[in-house]
Every structure is written in C-alpha cells, then in structure tokens.
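**Student:** Structure file target24.pdb (PDB, C-alpha atoms) right here:
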```pdb
ATOM      1  CA  MET A   1     100.735  79.424  65.400
ATOM      2  CA  ASP A   2     101.523  79.202  69.087
ATOM      3  CA  PHE A   3      98.447  79.559  71.250
ATOM      4  CA  PHE A   4      97.781  80.026  74.922
ATOM      5  CA  TRP A   5      94.526  81.016  76.551
ATOM      6  CA  SER A   6      93.381  81.977  80.007
ATOM      7  CA  LEU A   7      90.241  83.386  81.545
ATOM      8  CA  PRO A   8      90.494  85.869  84.427
ATOM      9  CA  LYS A   9      88.002  85.610  87.253
ATOM     10  CA  ALA A  10      85.634  88.292  85.954
ATOM     11  CA  ARG A  11      85.154  86.364  82.726
ATOM     12  CA  ILE A  12      84.799  82.994  84.416
ATOM     13  CA  GLU A  13      81.790  84.278  86.349
ATOM     14  CA  GLU A  14      79.983  84.559  83.016
ATOM     15  CA  MET A  15      80.649  80.912  82.153
ATOM     16  CA  ASP A  16      77.558  79.317  83.699
ATOM     17  CA  GLY A  17      79.092  78.185  87.005
ATOM     18  CA  LEU A  18      82.088  76.647  85.267
ATOM     19  CA  ALA A  19      84.549  76.743  88.162
ATOM     20  CA  ASP A  20      82.180  75.389  90.815
ATOM     21  CA  GLU A  21      80.777  72.592  88.691
ATOM     22  CA  LEU A  22      83.995  71.354  87.101
ATOM     23  CA  PHE A  23      86.621  71.768  89.803
ATOM     24  CA  ASP A  24      84.647  71.075  92.982
ATOM     25  CA  ALA A  25      86.016  67.553  93.585
ATOM     26  CA  SER A  26      89.579  68.216  92.412
ATOM     27  CA  GLN A  27      92.546  67.972  94.759
ATOM     28  CA  VAL A  28      94.326  71.198  95.639
ATOM     29  CA  ARG A  29      98.053  71.448  94.904
ATOM     30  CA  ARG A  30     100.141  73.922  96.901
ATOM     31  CA  HIS A  31     103.184  75.688  95.456
ATOM     32  CA  GLU A  32     105.909  77.934  96.872
ATOM     33  CA  ALA A  33     106.804  81.277  95.269
ATOM     34  CA  ASN A  34     109.021  81.315  92.159
ATOM     35  CA  VAL A  35     108.177  77.755  91.134
ATOM     36  CA  ILE A  36     107.605  76.854  87.478
ATOM     37  CA  LEU A  37     104.328  74.960  87.226
ATOM     38  CA  SER A  38     104.442  74.262  83.500
ATOM     39  CA  ASP A  39     107.212  74.563  80.939
ATOM     40  CA  PRO A  40     107.731  73.644  77.260
ATOM     41  CA  GLY A  41     109.000  70.194  78.211
ATOM     42  CA  ASP A  42     105.845  69.480  80.177
ATOM     43  CA  ALA A  43     102.720  69.882  78.069
ATOM     44  CA  PRO A  44      99.858  68.677  80.291
ATOM     45  CA  GLU A  45      96.583  68.262  78.453
ATOM     46  CA  ARG A  46      94.658  69.596  81.418
ATOM     47  CA  THR A  47      92.705  72.675  82.385
ATOM     48  CA  PHE A  48      93.805  74.517  85.512
ATOM     49  CA  LEU A  49      92.200  76.822  88.076
ATOM     50  CA  CYS A  50      94.186  79.139  90.371
ATOM     51  CA  THR A  51      92.535  79.146  93.816
ATOM     52  CA  SER A  52      95.057  81.360  95.638
ATOM     53  CA  GLY A  53      98.226  83.316  94.952
ATOM     54  CA  THR A  54      99.473  85.005  91.799
ATOM     55  CA  LEU A  55     101.002  83.406  88.704
ATOM     56  CA  LYS A  56     102.763  84.865  85.687
ATOM     57  CA  VAL A  57     102.729  83.577  82.130
ATOM     58  CA  THR A  58     105.951  84.165  80.184
ATOM     59  CA  LYS A  59     107.099  83.217  76.706
ATOM     60  CA  LEU A  60     110.660  82.684  75.472
ATOM     61  CA  LEU A  61     111.193  84.273  72.061
ATOM     62  CA  ALA A  62     113.430  82.916  69.316
ATOM     63  CA  ASN A  63     116.019  85.639  70.055
ATOM     64  CA  GLY A  64     116.327  84.415  73.640
ATOM     65  CA  HIS A  65     114.383  87.292  75.180
ATOM     66  CA  GLU A  66     111.561  86.581  77.604
ATOM     67  CA  ILE A  67     108.258  88.441  77.565
ATOM     68  CA  LEU A  68     105.587  88.474  80.251
ATOM     69  CA  ILE A  69     102.264  87.652  78.595
ATOM     70  CA  THR A  70      99.813  88.010  81.460
ATOM     71  CA  VAL A  71      99.255  87.674  85.200
ATOM     72  CA  LEU A  72      96.781  85.166  86.655
ATOM     73  CA  GLU A  73      95.080  85.692  90.013
ATOM     74  CA  PRO A  74      92.705  83.521  92.087
ATOM     75  CA  GLY A  75      89.753  82.385  90.009
ATOM     76  CA  SER A  76      91.668  82.394  86.707
ATOM     77  CA  ILE A  77      91.432  79.363  84.448
ATOM     78  CA  TRP A  78      94.017  78.425  81.844
ATOM     79  CA  SER A  79      94.962  75.611  79.533
ATOM     80  CA  ASP A  80      97.370  74.804  76.741
ATOM     81  CA  ARG A  81      95.514  72.698  74.215
ATOM     82  CA  SER A  82      91.813  72.687  75.009
ATOM     83  CA  LEU A  83      89.345  73.791  72.346
ATOM     84  CA  LEU A  84      91.643  75.340  69.750
ATOM     85  CA  LYS A  85      94.363  72.668  69.803
ATOM     86  CA  GLY A  86      97.193  75.124  70.112
ATOM     87  CA  TYR A  87     100.785  74.252  71.027
ATOM     88  CA  TRP A  88     102.565  74.642  74.345
ATOM     89  CA  ARG A  89     105.718  76.162  72.841
ATOM     90  CA  GLU A  90     108.151  78.121  74.972
ATOM     91  CA  VAL A  91     105.439  79.189  77.417
ATOM     92  CA  PHE A  92     106.087  79.007  81.171
ATOM     93  CA  ILE A  93     103.704  79.340  84.119
ATOM     94  CA  GLU A  94     105.495  80.471  87.285
ATOM     95  CA  THR A  95     104.249  81.370  90.752
ATOM     96  CA  MET A  96     104.878  84.964  91.818
ATOM     97  CA  SER A  97     103.780  84.178  95.375
ATOM     98  CA  PRO A  98     102.775  81.017  97.276
ATOM     99  CA  ALA A  99      99.824  79.641  95.328
ATOM    100  CA  GLU A 100      97.279  76.847  95.127
ATOM    101  CA  THR A 101      95.942  75.278  91.940
ATOM    102  CA  ILE A 102      93.601  72.491  90.929
ATOM    103  CA  SER A 103      93.158  70.848  87.545
ATOM    104  CA  ILE A 104      90.936  68.529  85.540
ATOM    105  CA  GLU A 105      91.454  66.435  82.418
ATOM    106  CA  ARG A 106      91.184  68.293  79.121
ATOM    107  CA  GLU A 107      88.409  65.975  77.964
ATOM    108  CA  ALA A 108      86.230  66.857  80.977
ATOM    109  CA  PHE A 109      86.592  70.553  80.260
ATOM    110  CA  GLU A 110      85.780  70.102  76.593
ATOM    111  CA  ARG A 111      82.709  68.004  77.351
ATOM    112  CA  TYR A 112      81.424  70.744  79.625
ATOM    113  CA  VAL A 113      82.020  73.557  77.135
ATOM    114  CA  PHE A 114      80.647  71.693  74.117
ATOM    115  CA  ALA A 115      77.540  70.500  75.998
ATOM    116  CA  LYS A 116      75.772  73.823  75.376
ATOM    117  CA  PRO A 117      76.318  76.089  72.351
ATOM    118  CA  GLU A 118      76.051  79.214  74.507
ATOM    119  CA  ARG A 119      78.996  78.054  76.638
ATOM    120  CA  LEU A 120      81.203  77.618  73.588
ATOM    121  CA  THR A 121      80.062  80.961  72.211
ATOM    122  CA  LYS A 122      80.981  82.734  75.445
ATOM    123  CA  MET A 123      84.313  80.915  75.609
ATOM    124  CA  MET A 124      85.288  81.859  72.062
ATOM    125  CA  SER A 125      84.143  85.426  72.625
ATOM    126  CA  ARG A 126      86.364  85.791  75.674
ATOM    127  CA  ILE A 127      89.371  84.288  73.878
ATOM    128  CA  SER A 128      88.789  86.621  70.918
ATOM    129  CA  GLU A 129      88.825  89.551  73.324
ATOM    130  CA  GLN A 130      92.197  88.426  74.673
ATOM    131  CA  ILE A 131      93.687  88.165  71.193
ATOM    132  CA  SER A 132      92.309  91.593  70.312
ATOM    133  CA  ASP A 133      93.715  93.064  73.538
ATOM    134  CA  ALA A 134      97.139  91.587  72.780
ATOM    135  CA  LEU A 135      97.192  92.978  69.237
ATOM    136  CA  THR A 136      96.072  96.376  70.493
ATOM    137  CA  LEU A 137      98.832  96.364  73.098
ATOM    138  CA  LEU A 138     101.467  95.585  70.455
ATOM    139  CA  GLU A 139     100.170  98.365  68.241
ATOM    140  CA  ASP A 140     100.090 100.826  71.146
ATOM    141  CA  PHE A 141     103.722 100.114  72.018
ATOM    142  CA  ARG A 142     104.975 100.629  68.479
ATOM    143  CA  GLY A 143     107.032 103.808  68.388
ATOM    144  CA  ARG A 144     106.464 104.751  72.038
ATOM    145  CA  ASP A 145     109.323 105.574  74.369
ATOM    146  CA  VAL A 146     110.002 103.491  77.494
ATOM    147  CA  ALA A 147     108.302 105.893  79.920
ATOM    148  CA  SER A 148     105.105 105.806  77.854
ATOM    149  CA  ARG A 149     105.158 101.998  77.563
ATOM    150  CA  LEU A 150     105.808 101.603  81.291
ATOM    151  CA  ALA A 151     103.010 104.024  82.153
ATOM    152  CA  SER A 152     100.665 102.061  79.876
ATOM    153  CA  VAL A 153     101.434  98.795  81.700
ATOM    154  CA  LEU A 154     100.936 100.364  85.129
ATOM    155  CA  VAL A 155      97.623 101.892  84.069
ATOM    156  CA  ARG A 156      96.466  98.541  82.674
ATOM    157  CA  PHE A 157      97.526  96.745  85.884
ATOM    158  CA  SER A 158      95.652  99.383  87.901
ATOM    159  CA  LYS A 159      92.445  98.717  85.988
ATOM    160  CA  GLU A 160      92.762  94.923  85.855
ATOM    161  CA  HIS A 161      94.324  94.128  89.232
ATOM    162  CA  GLY A 162      94.178  97.316  91.306
ATOM    163  CA  VAL A 163      92.179  98.045  94.444
ATOM    164  CA  GLN A 164      90.745 101.564  94.378
ATOM    165  CA  ASP A 165      90.298 103.823  97.383
ATOM    166  CA  ASP A 166      89.478 107.510  97.667
ATOM    167  CA  ARG A 167      92.955 108.737  96.768
ATOM    168  CA  SER A 168      94.910 106.015  94.991
ATOM    169  CA  VAL A 169      95.020 102.523  93.474
ATOM    170  CA  VAL A 170      97.021  99.698  95.072
ATOM    171  CA  ILE A 171      98.346  96.972  92.761
ATOM    172  CA  ASP A 172      98.734  93.981  95.030
ATOM    173  CA  ILE A 173     100.896  91.891  92.685
ATOM    174  CA  PRO A 174     104.504  91.045  93.635
ATOM    175  CA  PHE A 175     105.993  91.928  90.253
ATOM    176  CA  THR A 176     109.652  92.930  89.927
ATOM    177  CA  HIS A 177     111.338  95.497  87.728
ATOM    178  CA  GLN A 178     112.491  92.569  85.589
ATOM    179  CA  ASP A 179     108.860  91.486  85.158
ATOM    180  CA  LEU A 180     107.959  94.985  83.980
ATOM    181  CA  ALA A 181     110.969  95.026  81.654
ATOM    182  CA  ASN A 182     109.801  91.727  80.169
ATOM    183  CA  MET A 183     106.394  93.238  79.494
ATOM    184  CA  ILE A 184     107.611  96.305  77.600
ATOM    185  CA  GLY A 185     110.724  94.944  75.891
ATOM    186  CA  THR A 186     113.519  96.816  77.633
ATOM    187  CA  ALA A 187     116.274  96.306  80.216
ATOM    188  CA  ARG A 188     115.607  96.054  83.957
ATOM    189  CA  GLU A 189     117.915  99.008  84.616
ATOM    190  CA  THR A 190     115.846 101.165  82.261
ATOM    191  CA  VAL A 191     112.658 100.260  84.122
ATOM    192  CA  SER A 192     114.344 101.037  87.461
ATOM    193  CA  ARG A 193     115.365 104.507  86.242
ATOM    194  CA  ASN A 194     111.871 105.290  85.008
ATOM    195  CA  MET A 195     110.224 103.963  88.176
ATOM    196  CA  ALA A 196     112.561 106.200  90.212
ATOM    197  CA  ARG A 197     111.386 109.117  88.086
ATOM    198  CA  PHE A 198     107.726 108.155  88.608
ATOM    199  CA  ARG A 199     108.263 108.037  92.374
ATOM    200  CA  ALA A 200     110.106 111.382  92.410
ATOM    201  CA  GLU A 201     107.302 113.051  90.435
ATOM    202  CA  GLY A 202     104.618 111.633  92.728
ATOM    203  CA  TYR A 203     102.984 109.223  90.289
ATOM    204  CA  VAL A 204     103.630 106.045  92.282
ATOM    205  CA  ARG A 205     104.696 104.979  95.766
ATOM    206  CA  ASP A 206     106.160 101.704  96.996
ATOM    207  CA  CYS A 207     104.196  99.740  99.605
ATOM    208  CA  GLU A 208     105.008  96.797 101.825
ATOM    209  CA  ASN A 209     105.208  93.232 100.470
ATOM    210  CA  ALA A 210     106.277  94.331  96.973
ATOM    211  CA  THR A 211     102.963  96.026  96.190
ATOM    212  CA  LEU A 212     102.735  99.341  94.365
ATOM    213  CA  GLU A 213     100.459 102.314  94.975
ATOM    214  CA  ILE A 214      99.424 104.454  92.020
ATOM    215  CA  VAL A 215      99.090 107.872  93.604
ATOM    216  CA  ASN A 216      98.180 109.843  90.484
ATOM    217  CA  LEU A 217      96.575 107.679  87.807
ATOM    218  CA  ASN A 218      95.623 110.690  85.657
ATOM    219  CA  ARG A 219      99.227 111.842  85.435
ATOM    220  CA  LEU A 220     100.343 108.355  84.415
ATOM    221  CA  GLU A 221      97.654 108.189  81.744
ATOM    222  CA  ALA A 222      98.873 111.550  80.402
ATOM    223  CA  LEU A 223     102.266 109.987  79.697
ATOM    224  CA  ILE A 224     100.731 107.484  77.261
ATOM    225  CA  VAL A 225     101.207 109.315  73.978
TER     226      VAL A 225
END
```
I need this file expressed as structure tokens, please.
**Tutor:**
Amino acid sequence: MDFFWSLPKARIEEMDGLADELFDASQVRRHEANVILSDPGDAPERTFLCTSGTLKVTKLLANGHEILITVLEPGSIWSDRSLLKGYWREVFIETMSPAETISIEREAFERYVFAKPERLTKMMSRISEQISDALTLLEDFRGRDVASRLASVLVRFSKEHGVQDDRSVVIDIPFTHQDLANMIGTARETVSRNMARFRAEGYVRDCENATLEIVNLNRLEALIV
C-alpha cells in the first residue's frame, strides 16, 4: 500500500513543541514557484517542515491521470517513510508559490516521536484522521456531478485554508483550474465552465494574486448533494 503523511500546522501545535525542538538548528532551503521538491525517483528518508509558501502534493495514477492529494502551508510537516514505513511511489511535492523548507534526518524524527508514548499516540491519531478524511472524501464524490464535487472542494478549502471576514472567505492559495480538476477527477475545461457559472451566480469572486473569494459559502454548501 502506498503511503504518504503530512501534518498541517493546527495539528503540529498539539505535538509537544515538535517543530521548534526538532527543526530549530536546520538550514533553510529556498525554492521558486512551480519547482518539484520531491519525486518518485528521489525518495529522501527525511522529515520536512514548510516555513513559508504553499506546496501541493500530487500522485500519478496507473492510468496516467494526476490527482491533487493535499495542500501544505507554512508550519506543515511531511515525510515519506517515517513511522509507518510506507513507499514514496508516484507522489510529487511541488511549490505553488516561492517557498522555504527545512528538513531533518528520519532517524531524528523517529527518536523524538518514540521517546514518549503520548507523542506517538497523538501522531497516529492525526494520521488516522487524515486517512478517514480521504476515505470520506472519496465516498462523498461517488455519484456526484462536477458542480457538486467542485463546490465540496471549495467549501473544504474555505474551512481549512480560508480567511474569514464579515462578508466572505478568502482562499489565499494560488491554485489553478487544473489543480481543481486534479482534485475532483475531471477536465480543466469542465472546471473553468463551472467556475464561470459560480462567478455569474455570485458564489465566488476572483481576487488579485490568484486568490479566490467565497462570497456566499451557504449557497456553495447547498450545491453539495
């Protein structure tokens, strides 16, 4: 079974000062946008921390199609083989914007996690949540039309990555229509048509720097049937 894990910032904060203690002395690496940081031919046995920018995790399926697994923001930790000894198969990490990362040896991360049972328990709990979320997402998409699947992704992005104000939610992630298509299993042109419909009906509005404003989150949620 292929396996990939990551911990978003909110979950890292529960990990007993993990980021500060482990990565404090590590050297920062800077990356331009649209650069592949890890690919199937490069399986580093290290644990990584994103300190700035936005990254996307994609997987190449056997049929040649690419799916977008998740988006990593500053404070997210990820690895390929730590703890559960999974395989780095057809999984790519790519920068969506200029980014900075730091990393440590896999053994150092494992020593830290295994040093206290409560750390390992929290780690496994968070990974279990991710697997459950992924299975739920697959089940939710089964039988839904494209508009419903696209609305579901935008609502999830709003809750996980959005910045709320009095009237709307701004998703400050530079994703493209192709990225969205890769998340819901359809063509880019189909996503573009549905996004045009969402804009025309007042659900969303484009912002500067490739960000998206969700103007009417309730209306989007109503499309998820």
**Student:** Rounded to one decimal, what separation in Å do you get between atom CA of A:Arg205 and atom CA of A:Leu217?
**Tutor:**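 A separation of 11.7 Å between them.
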**Student:** Applied to the shown file, which residues does the PyMOL selection byres ((chain A and resi 218-221) around 7) return, written as a PyMOL selection string?
**Tutor:** chain A and resi 151+155+203+216-217+222-224
**Student:** Decode the PyMOL selection byres ((chain A and resi 173-175) around 12) for the given file into explicit residues and return them as a PyMOL selection string.
**Tutor:** chain A and resi 33-34+53-56+68+70-74+94-98+153-154+157-158+160-163+170-172+176-183+206-213
**Student:** In Å, how far is it from atom CA of A:Phe198 to atom CA of A:Glu66?
**Tutor:**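 It comes out at 24.5 Å.
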**Student:** Determine the axis-aligned bounding box of all atoms of stretch 157-174 of chain A present in the file, pad each side by 5 Å, and express its centre and edge lengths in Å to one decimal place as JSON.
**Tutor:**
```
{"center_x": 97.0, "center_y": 99.9, "center_z": 91.8, "size_x": 25.0, "size_y": 27.7, "size_z": 21.8}
```
**Student:** Take atom CA of A:Ser148 and atom CA of A:Ser128 and report the distance between them in Å, one decimal.
**Tutor:**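 Result for atom CA of A:Ser148 versus atom CA of A:Ser128: 26.1 Å, one decimal.
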**Student:** Could you tell me which of A:Ile69, A:Ile77, A:Leu49, A:Ile93 comes closest to A:Leu37 if we count only C-alpha atoms?
**Tutor:**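 Ranked by minimum distance to A:Leu37, first place goes to A:Ile93.
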**Student:** To verify the selection step, state as a PyMOL selection string which residues the PyMOL selection byres ((chain A and resi 106) around 8) yields on this input.
**Tutor:** chain A and resi 45-47+81-82+104-105+107-110
**Student:** Which residue out of A:Arg119, A:Asn194, A:Ile184, A:Asp165 has the minimum interatomic distance to A:Ile214 when all atoms listed in the file are used?
**Tutor:**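 The shortest atom-to-atom distance to A:Ile214 comes from A:Asp165.
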